[in-house]
Amino acid sequence: MDDTRKIVLQNQLIELLPLLTDGSFKELNEFFNLSIYQKISQGKIISVEGSACNHFSFLLRGQIRVYKVGASGREITLYRIEEGSSCILTASCILSSKLFPAIAIAEKNSEVLSLPANLFKEWVNKYSVWQQYVFNLVSERLDNVITIVEEIAFKQVDIRLAEKLAKLSNDKTFSIMITHQELASEIGTSREVVSRILKDFEERGILSLSRRVITILSKEKLKDLQKK
């Protein structure tokens with residue numbers, strides 16, 4: 001990487017991670033000298049269940065999905081890593097010396113800066129600002145996972161699907177480019193169940209279906225479904 005690009009990345013990461021400029025952290029140069037910059041193409045599997053966690057990565061650009069696959073082949077999304085964030089499961093694996101328990105895939109073309117696992121663990125043990133960073137990740141992801149558990153345990157599938165469709169659309173967007181399998185993975189059910197419910201929604205005039213596209217016809221009816 002040329003020096004100009006390196007400086008741009010450093011400035012970008014400092015903006016995304018205020019902890020790097022905290023006065024208590026004295027090893028900023030070592031952080032950048034030992035970190036590895038990588039580009040990850042959309043669709044590339046980054047980690048699989050049972051992988052060793054050799055690096056702790058910070059997402060500079062793009063989006064990464066972390067999910068589990070059950071024995072039946074059904075998928076459920078645990079969370080997404082957005083720009084400026086990191087993977088709490090990777091942090092947990094490094095700190096506990098365990099293997100990665102899920103699958104991570106790049107949903108968009110992504111760029112990451114990765115810190116060697118041993119250095120990350122050393123700094124978490126040494127600096128309170130790094131400890132706080134991990135605690136914040138835990139809090140953020142725990143809220144997300146609890147929400148998923150509550151939805152799966154206590155909400156009917158048609159309500160969860162209506163909520164997901166409403167979230168994917170907005171006031172100005174009526175067409176959603178997504179497959180039935182992708183929707184099933186998002187809400188933790190099977191493709192067949194999603195297809196059946198979507199067909200019912202179509203017959204009730206809530207939406208129309210075509211290949212890889214769902215068009216919302218009545219946002220009011222979709223909103224009413226979420227009140228059941």
# chains A, B, ... in the order shown; residues from 1 in each chain; ligands from 1

$ residues_around --residues "Asp158 in chain A" --least-positions-apart "6" --cutoff "9 Å" --atoms "only C-alpha atoms" --output "PyMOL selection string"
chain A and resi 194+197-198+225-226

$ closest_residue --among "A:Thr147, A:Ser139, A:Ser97, A:Asn29" --to "Ile14 in chain A" --atoms "only C-alpha atoms"
A:Asn29

$ closest_residue --among "A:Leu217, A:Leu60, A:Leu20, A:Val157" --to "Arg191 in chain A" --atoms "only C-alpha atoms"
A:Val157

$ closest_residue --among "A:Ser57, A:Thr21, A:Thr77, A:Gln63" --to "Ile148 in chain A" --atoms "only C-alpha atoms"
A:Thr77
